[in-house]
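Participant: See structure.cif below, with mmCIF, C-alpha atoms and all ligand atoms.
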```cif
data_input
#
loop_
_atom_site.group_PDB
_atom_site.id
_atom_site.type_symbol
_atom_site.label_atom_id
_atom_site.label_comp_id
_atom_site.auth_asym_id
_atom_site.auth_seq_id
_atom_site.Cartn_x
_atom_site.Cartn_y
_atom_site.Cartn_z
ATOM 1 C CA PHE A 1 0.000 0.000 0.000
ATOM 2 C CA VAL A 2 2.881 2.307 0.716
ATOM 3 C CA THR A 3 4.247 1.589 -2.783
ATOM 4 C CA MET A 4 0.825 2.216 -4.277
ATOM 5 C CA GLY A 5 0.563 5.557 -2.440
ATOM 6 C CA TRP A 6 4.030 6.532 -3.638
ATOM 7 C CA LEU A 7 3.120 5.640 -7.235
ATOM 8 C CA ILE A 8 -0.059 7.697 -7.125
ATOM 9 C CA ALA A 9 1.739 10.666 -5.523
ATOM 10 C CA THR A 10 4.538 10.513 -8.132
ATOM 11 C CA ARG A 11 2.071 10.341 -11.023
ATOM 12 C CA SER A 12 0.016 13.273 -9.795
ATOM 13 C CA ALA A 13 3.166 15.331 -9.182
ATOM 14 C CA ARG A 14 4.256 14.584 -12.743
ATOM 15 C CA GLY A 15 0.765 15.497 -13.996
ATOM 16 C CA ALA A 16 0.977 18.857 -12.254
ATOM 17 C CA ALA A 17 4.466 19.457 -13.673
ATOM 18 C CA GLU A 18 3.185 18.729 -17.182
ATOM 19 C CA THR A 19 0.376 21.225 -16.680
ATOM 20 C CA ASP A 20 2.950 23.829 -15.590
ATOM 21 C CA ASP A 21 5.077 23.142 -18.670
ATOM 22 C CA ARG A 22 2.333 24.388 -20.974
ATOM 23 C CA PRO A 23 2.949 27.837 -22.470
ATOM 24 C CA LYS A 24 1.559 30.661 -20.337
ATOM 25 C CA ASP A 25 0.235 32.490 -23.377
ATOM 26 C CA VAL A 26 -3.432 33.007 -24.181
ATOM 27 C CA VAL A 27 -4.484 34.532 -27.505
ATOM 28 C CA ALA A 28 -7.698 36.462 -28.112
ATOM 29 C CA ALA A 29 -9.183 37.519 -31.450
ATOM 30 C CA ALA A 30 -10.512 40.962 -32.365
ATOM 31 C CA ILE A 31 -12.562 39.997 -35.410
ATOM 32 C CA VAL A 32 -13.634 43.207 -37.127
ATOM 33 C CA ASP A 33 -16.203 43.241 -39.903
ATOM 34 C CA GLY A 34 -18.283 46.105 -41.247
ATOM 35 C CA GLY A 35 -17.076 48.530 -38.539
ATOM 36 C CA ARG A 36 -18.017 46.181 -35.698
ATOM 37 C CA VAL A 37 -15.973 43.903 -33.449
ATOM 38 C CA LEU A 38 -17.187 40.497 -32.298
ATOM 39 C CA LEU A 39 -17.428 39.869 -28.545
ATOM 40 C CA ALA A 40 -18.560 36.563 -27.057
ATOM 41 C CA GLN A 41 -20.194 35.869 -23.709
ATOM 42 C CA ARG A 42 -18.306 33.313 -21.584
ATOM 43 C CA ALA A 43 -20.201 30.232 -20.465
ATOM 44 C CA HIS A 44 -17.758 29.330 -17.644
ATOM 45 C CA PRO A 45 -16.338 29.523 -15.000
ATOM 46 C CA ALA A 46 -19.239 30.750 -12.857
ATOM 47 C CA ASP A 47 -17.611 34.085 -11.905
ATOM 48 C CA LEU A 48 -17.004 34.952 -15.581
ATOM 49 C CA ALA A 49 -20.185 33.424 -17.031
ATOM 50 C CA GLY A 50 -22.204 35.983 -18.977
ATOM 51 C CA LYS A 51 -19.283 38.422 -19.281
ATOM 52 C CA TRP A 52 -18.064 39.594 -22.703
ATOM 53 C CA GLU A 53 -14.606 38.676 -23.986
ATOM 54 C CA LEU A 54 -12.584 38.546 -27.143
ATOM 55 C CA PRO A 55 -12.865 34.846 -28.061
ATOM 56 C CA GLY A 56 -9.680 32.778 -27.821
ATOM 57 C CA GLY A 57 -7.778 30.449 -25.527
ATOM 58 C CA ARG A 58 -4.462 28.947 -24.455
ATOM 59 C CA VAL A 59 -1.584 28.424 -26.833
ATOM 60 C CA GLU A 60 -0.500 24.763 -26.989
ATOM 61 C CA SER A 61 3.145 23.648 -26.810
ATOM 62 C CA GLY A 62 4.941 24.229 -30.108
ATOM 63 C CA GLU A 63 2.107 26.308 -31.527
ATOM 64 C CA THR A 64 2.530 29.858 -32.892
ATOM 65 C CA HIS A 65 0.156 32.545 -31.654
ATOM 66 C CA ALA A 66 -1.308 32.800 -35.164
ATOM 67 C CA ALA A 67 -1.964 29.040 -35.313
ATOM 68 C CA ALA A 68 -3.494 29.042 -31.818
ATOM 69 C CA LEU A 69 -5.759 31.946 -32.729
ATOM 70 C CA ALA A 70 -6.968 30.185 -35.890
ATOM 71 C CA ARG A 71 -7.532 26.892 -33.981
ATOM 72 C CA GLU A 72 -9.425 28.527 -31.104
ATOM 73 C CA ILE A 73 -11.710 30.482 -33.446
ATOM 74 C CA ARG A 74 -12.369 27.345 -35.505
ATOM 75 C CA GLU A 75 -13.288 25.460 -32.291
ATOM 76 C CA GLU A 76 -15.295 28.226 -30.641
ATOM 77 C CA LEU A 77 -16.944 29.987 -33.586
ATOM 78 C CA GLY A 78 -16.637 27.570 -36.524
ATOM 79 C CA ALA A 79 -14.936 30.216 -38.681
ATOM 80 C CA GLU A 80 -11.531 30.624 -40.329
ATOM 81 C CA VAL A 81 -9.439 33.659 -39.366
ATOM 82 C CA GLU A 82 -5.968 34.952 -40.151
ATOM 83 C CA ALA A 83 -4.107 36.730 -37.337
ATOM 84 C CA GLY A 84 -3.063 40.342 -37.928
ATOM 85 C CA ASP A 85 -1.488 43.070 -35.791
ATOM 86 C CA GLY A 86 -1.515 43.018 -32.004
ATOM 87 C CA VAL A 87 -4.162 45.071 -30.188
ATOM 88 C CA GLY A 88 -3.140 46.945 -27.027
ATOM 89 C CA LYS A 89 -0.661 45.578 -24.509
ATOM 90 C CA PRO A 90 -0.468 41.987 -23.265
ATOM 91 C CA VAL A 91 -2.319 41.497 -19.965
ATOM 92 C CA THR A 92 -0.925 39.278 -17.181
ATOM 93 C CA LEU A 93 -3.566 37.434 -15.155
ATOM 94 C CA PRO A 94 -3.133 36.782 -11.402
ATOM 95 C CA ASN A 95 -2.518 33.088 -12.235
ATOM 96 C CA GLY A 96 0.487 33.995 -14.437
ATOM 97 C CA LEU A 97 -1.192 33.491 -17.821
ATOM 98 C CA VAL A 98 -0.406 36.260 -20.308
ATOM 99 C CA LEU A 99 -3.142 37.374 -22.698
ATOM 100 C CA HIS A 100 -2.363 38.713 -26.162
ATOM 101 C CA ALA A 101 -5.049 40.251 -28.389
ATOM 102 C CA TYR A 102 -4.695 40.287 -32.171
ATOM 103 C CA ARG A 103 -6.700 41.630 -35.056
ATOM 104 C CA ALA A 104 -8.247 38.625 -36.789
ATOM 105 C CA HIS A 105 -9.398 38.759 -40.387
ATOM 106 C CA LEU A 106 -12.301 36.520 -41.388
ATOM 107 C CA ARG A 107 -11.241 34.198 -44.198
ATOM 108 C CA GLY A 108 -14.094 31.726 -44.258
ATOM 109 C CA GLY A 109 -17.401 30.828 -42.686
ATOM 110 C CA THR A 110 -19.692 32.813 -40.447
ATOM 111 C CA PRO A 111 -18.945 32.966 -36.698
ATOM 112 C CA VAL A 112 -21.488 31.139 -34.517
ATOM 113 C CA ALA A 113 -21.340 30.877 -30.700
ATOM 114 C CA LEU A 114 -20.538 27.142 -30.413
ATOM 115 C CA GLU A 115 -19.022 27.304 -26.904
ATOM 116 C CA HIS A 116 -20.162 30.716 -25.662
ATOM 117 C CA LEU A 117 -23.552 31.714 -24.238
ATOM 118 C CA ASP A 118 -23.954 34.308 -26.964
ATOM 119 C CA MET A 119 -22.022 36.554 -29.342
ATOM 120 C CA GLN A 120 -22.645 40.062 -30.592
ATOM 121 C CA TRP A 121 -21.090 42.521 -33.069
ATOM 122 C CA PHE A 122 -20.357 45.876 -31.377
ATOM 123 C CA THR A 123 -19.790 49.310 -32.956
ATOM 124 C CA ALA A 124 -17.302 51.668 -31.257
ATOM 125 C CA ASP A 125 -20.219 53.598 -29.709
ATOM 126 C CA GLU A 126 -21.735 50.387 -28.344
ATOM 127 C CA LEU A 127 -18.331 49.424 -26.875
ATOM 128 C CA ARG A 128 -18.043 52.820 -25.184
ATOM 129 C CA ARG A 129 -21.500 52.352 -23.650
ATOM 130 C CA LEU A 130 -20.717 48.822 -22.430
ATOM 131 C CA ASP A 131 -20.752 48.447 -18.615
ATOM 132 C CA LEU A 132 -17.202 47.269 -17.750
ATOM 133 C CA ASP A 133 -18.698 45.002 -15.056
ATOM 134 C CA ASP A 134 -20.117 43.011 -17.979
ATOM 135 C CA VAL A 135 -16.645 42.538 -19.506
ATOM 136 C CA VAL A 136 -14.110 39.857 -18.467
ATOM 137 C CA PRO A 137 -11.596 41.789 -16.234
ATOM 138 C CA ALA A 138 -8.510 41.019 -18.351
ATOM 139 C CA ASP A 139 -10.228 42.328 -21.499
ATOM 140 C CA ARG A 140 -11.339 45.688 -20.040
ATOM 141 C CA ASP A 141 -8.072 47.484 -20.887
ATOM 142 C CA TRP A 142 -8.504 46.594 -24.554
ATOM 143 C CA ILE A 143 -11.825 48.417 -24.976
ATOM 144 C CA PRO A 144 -10.263 51.852 -25.759
ATOM 145 C CA GLU A 145 -7.835 50.218 -28.235
ATOM 146 C CA LEU A 146 -10.708 48.383 -29.892
ATOM 147 C CA CYS A 147 -12.602 51.676 -30.253
ATOM 148 C CA VAL A 148 -9.544 53.166 -32.015
ATOM 149 C CA VAL A 149 -9.383 50.139 -34.337
ATOM 150 C CA LEU A 150 -13.097 50.519 -35.146
ATOM 151 C CA ASP A 151 -12.860 54.289 -35.627
ATOM 152 C CA GLU A 152 -10.083 53.677 -38.156
ATOM 153 C CA ALA A 153 -11.898 50.800 -39.891
HETATM 154 O O1 LIG B 201 -10.133 27.239 -24.009
HETATM 155 P P1 LIG B 201 -8.897 27.364 -23.143
HETATM 156 O O2 LIG B 201 -8.965 26.610 -21.854
HETATM 157 O O3 LIG B 201 -7.635 27.189 -23.907
HETATM 158 O O4 LIG B 201 -8.864 28.908 -22.741
HETATM 159 P P2 LIG B 201 -9.880 29.781 -21.901
HETATM 160 O O5 LIG B 201 -10.392 29.055 -20.709
HETATM 161 O O6 LIG B 201 -10.893 30.396 -22.792
HETATM 162 O O7 LIG B 201 -8.876 30.934 -21.466
HETATM 163 C C1 LIG B 201 -7.713 30.687 -20.695
HETATM 164 C C2 LIG B 201 -7.608 31.762 -19.644
HETATM 165 O O8 LIG B 201 -7.555 33.053 -20.240
HETATM 166 C C3 LIG B 201 -8.783 31.793 -18.676
HETATM 167 O O9 LIG B 201 -8.277 32.143 -17.390
HETATM 168 C C4 LIG B 201 -9.650 32.913 -19.218
HETATM 169 O O10 LIG B 201 -10.406 33.511 -18.204
HETATM 170 C C5 LIG B 201 -8.606 33.871 -19.765
HETATM 171 N N1 LIG B 201 -9.128 34.679 -20.882
HETATM 172 C C6 LIG B 201 -9.399 36.039 -20.697
HETATM 173 O O11 LIG B 201 -9.223 36.551 -19.587
HETATM 174 N N2 LIG B 201 -9.852 36.803 -21.736
HETATM 175 C C7 LIG B 201 -10.022 36.267 -22.955
HETATM 176 N N3 LIG B 201 -10.448 37.048 -23.942
HETATM 177 C C8 LIG B 201 -9.762 34.892 -23.177
HETATM 178 C C9 LIG B 201 -9.306 34.123 -22.118
#
```
Will you turn the file into structure tokens for me?
Ligand code: CDP
Facilitator:
Amino acid sequence: FVTMGWLIATRSARGAAETDDRPKDVVAAAIVDGGRVLLAQRAHPADLAGKWELPGGRVESGETHAAALAREIREELGAEVEAGDGVGKPVTLPNGLVLHAYRAHLRGGTPVALEHLDMQWFTADELRRLDLDDVVPADRDWIPELCVVLDEA
């Protein structure tokens, strides 16, 4: 039993180490079309559920940011995008993850909220009127930058 306990402890320690080895980067897509940017409403976790974010997710080992962005948008919205310029500054979360936002150009398909509660296209004026309490905390700093992008679009 002692051996069994040791085996289990070793395996879970290794599991945790593997989790820690994953890149700390998260990529998020600012898909702009017709002067509007697409925001999606998170379904989980509970404290973020219902809040708006730029759709995206964690970069996998060996993956470029552009490839991760395309994969996440394919998984979450069923559309093909090509990553463009960065938007705003990277944001570091309390858990050490670092979020990077990029312009994302639609190359195929029509975005549909496959994993989010909802999605909505926002004009710059609608973004400015958005209650920041309804936005995922890490994404709040990007709102002014997104307005600039939309004003220039
Ligand atoms: O789908 P995956 O698990 O790769 O990623 P996620 O759960 O969507 O995002 C990973 C982390 O980044 C979570 O802590 C999210 O809350 C955070 N995130 C964020 O703050 N803002 C975004 N626009 C996207 C993700």
Participant: Check which residues fall inside 9 Å of ligand LIG 201 (chain B) when counting all atoms listed in the file, and print them as JSON, numbers by chain.
Facilitator: {"A": [25, 26, 27, 28, 29, 39, 40, 42, 44, 45, 48, 52, 53, 54, 55, 56, 57, 58, 59, 60, 72, 76, 91, 93, 95, 97, 98, 99, 100, 101, 136, 137, 138, 139]}
Participant: Using only C-alpha atoms, determine which residues lie at most 12 Å from Glu75 in chain A, disregarding the query and same-chain residues fewer than 6 positions distant; provide the list as a ChimeraX atom specification.
Facilitator: /A:55-57,68-69,81,111-116
Participant: Given the file shown, enumerate the residues that the PyMOL selection byres (((chain A and resi 83) around 10) and not hetatm) captures and present them as a CSV table (one decimal) with C-alpha atoms, in the coordinates of the input.
Facilitator:
```csv
chain,number,residue,atom,x,y,z
A,28,ALA,CA,-7.7,36.5,-28.1
A,29,ALA,CA,-9.2,37.5,-31.4
A,30,ALA,CA,-10.5,41.0,-32.4
A,31,ILE,CA,-12.6,40.0,-35.4
A,65,HIS,CA,0.2,32.5,-31.7
A,66,ALA,CA,-1.3,32.8,-35.2
A,67,ALA,CA,-2.0,29.0,-35.3
A,68,ALA,CA,-3.5,29.0,-31.8
A,69,LEU,CA,-5.8,31.9,-32.7
A,70,ALA,CA,-7.0,30.2,-35.9
A,81,VAL,CA,-9.4,33.7,-39.4
A,82,GLU,CA,-6.0,35.0,-40.2
A,84,GLY,CA,-3.1,40.3,-37.9
A,85,ASP,CA,-1.5,43.1,-35.8
A,86,GLY,CA,-1.5,43.0,-32.0
A,101,ALA,CA,-5.0,40.3,-28.4
A,102,TYR,CA,-4.7,40.3,-32.2
A,103,ARG,CA,-6.7,41.6,-35.1
A,104,ALA,CA,-8.2,38.6,-36.8
A,105,HIS,CA,-9.4,38.8,-40.4
A,106,LEU,CA,-12.3,36.5,-41.4
```
Participant: So how many Å separate CA of Arg36 in chain A and CA of Arg128 in chain A, to one decimal?
Facilitator: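 One can read the CA of Arg36 in chain A to CA of Arg128 in chain A distance as 12.4 Å.
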Participant: Using only C-alpha atoms, which of A:Val37, A:Met119, A:Gly50, A:Leu77 sits nearest Trp142 in chain A?
Facilitator: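 When distances to Trp142 in chain A are compared using only C-alpha atoms, the smallest one comes from A:Val37.
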Participant: Could you state the separation of CA of Ala124 in chain A and CA of Cys147 in chain A in Å, given to one decimal place?
Facilitator: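 Computed distance, CA of Ala124 in chain A to CA of Cys147 in chain A, equals 4.8 Å.
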Participant: For CA of Gly96 in chain A and CA of Lys24 in chain A, quote the distance in Å rounded to one decimal.
Facilitator: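 Value for the CA of Gly96 in chain A-CA of Lys24 in chain A distance: 6.9 Å.
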Participant: Range 29-40 of chain A, all listed atoms, 8 Å padding on each side: what axis-aligned box centre and edge lengths in Å to one decimal come out, as lines of an AutoDock Vina configuration file?
Facilitator:
```
center_x = -13.9
center_y = 42.5
center_z = -34.2
size_x = 25.4
size_y = 28.0
size_z = 30.2
```
Participant: Using only C-alpha atoms, find the one residue out of A:Asp141, A:Glu126, A:Glu63, A:Asp131 that sits nearest to Pro23 in chain A.
Facilitator: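 Of A:Asp141, A:Glu126, A:Glu63, A:Asp131, the one nearest Pro23 in chain A, counting only C-alpha atoms, is A:Glu63.
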Participant: Measuring atom to atom with only C-alpha atoms, identify which of A:Asp125, A:Asp134, A:Glu80, A:Glu152 is nearest to Ala49 in chain A.
Facilitator: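 Of A:Asp125, A:Asp134, A:Glu80, A:Glu152, the one nearest Ala49 in chain A is A:Asp134, counting only C-alpha atoms.
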Participant: I need the residue nearest Ala79 in chain A from this list: A:Gly109, A:Gln120, A:Thr92, A:Asp33. Use all atoms listed in the file for the distance.
Facilitator: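 Using all atoms listed in the file, Ala79 in chain A sits closest to A:Gly109.
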Participant: Looking at all atoms listed in the file, which of A:Arg107, A:Lys51, A:Val87, A:Asp133 is the one that sits closest to Leu150 in chain A?
Facilitator: A:Val87
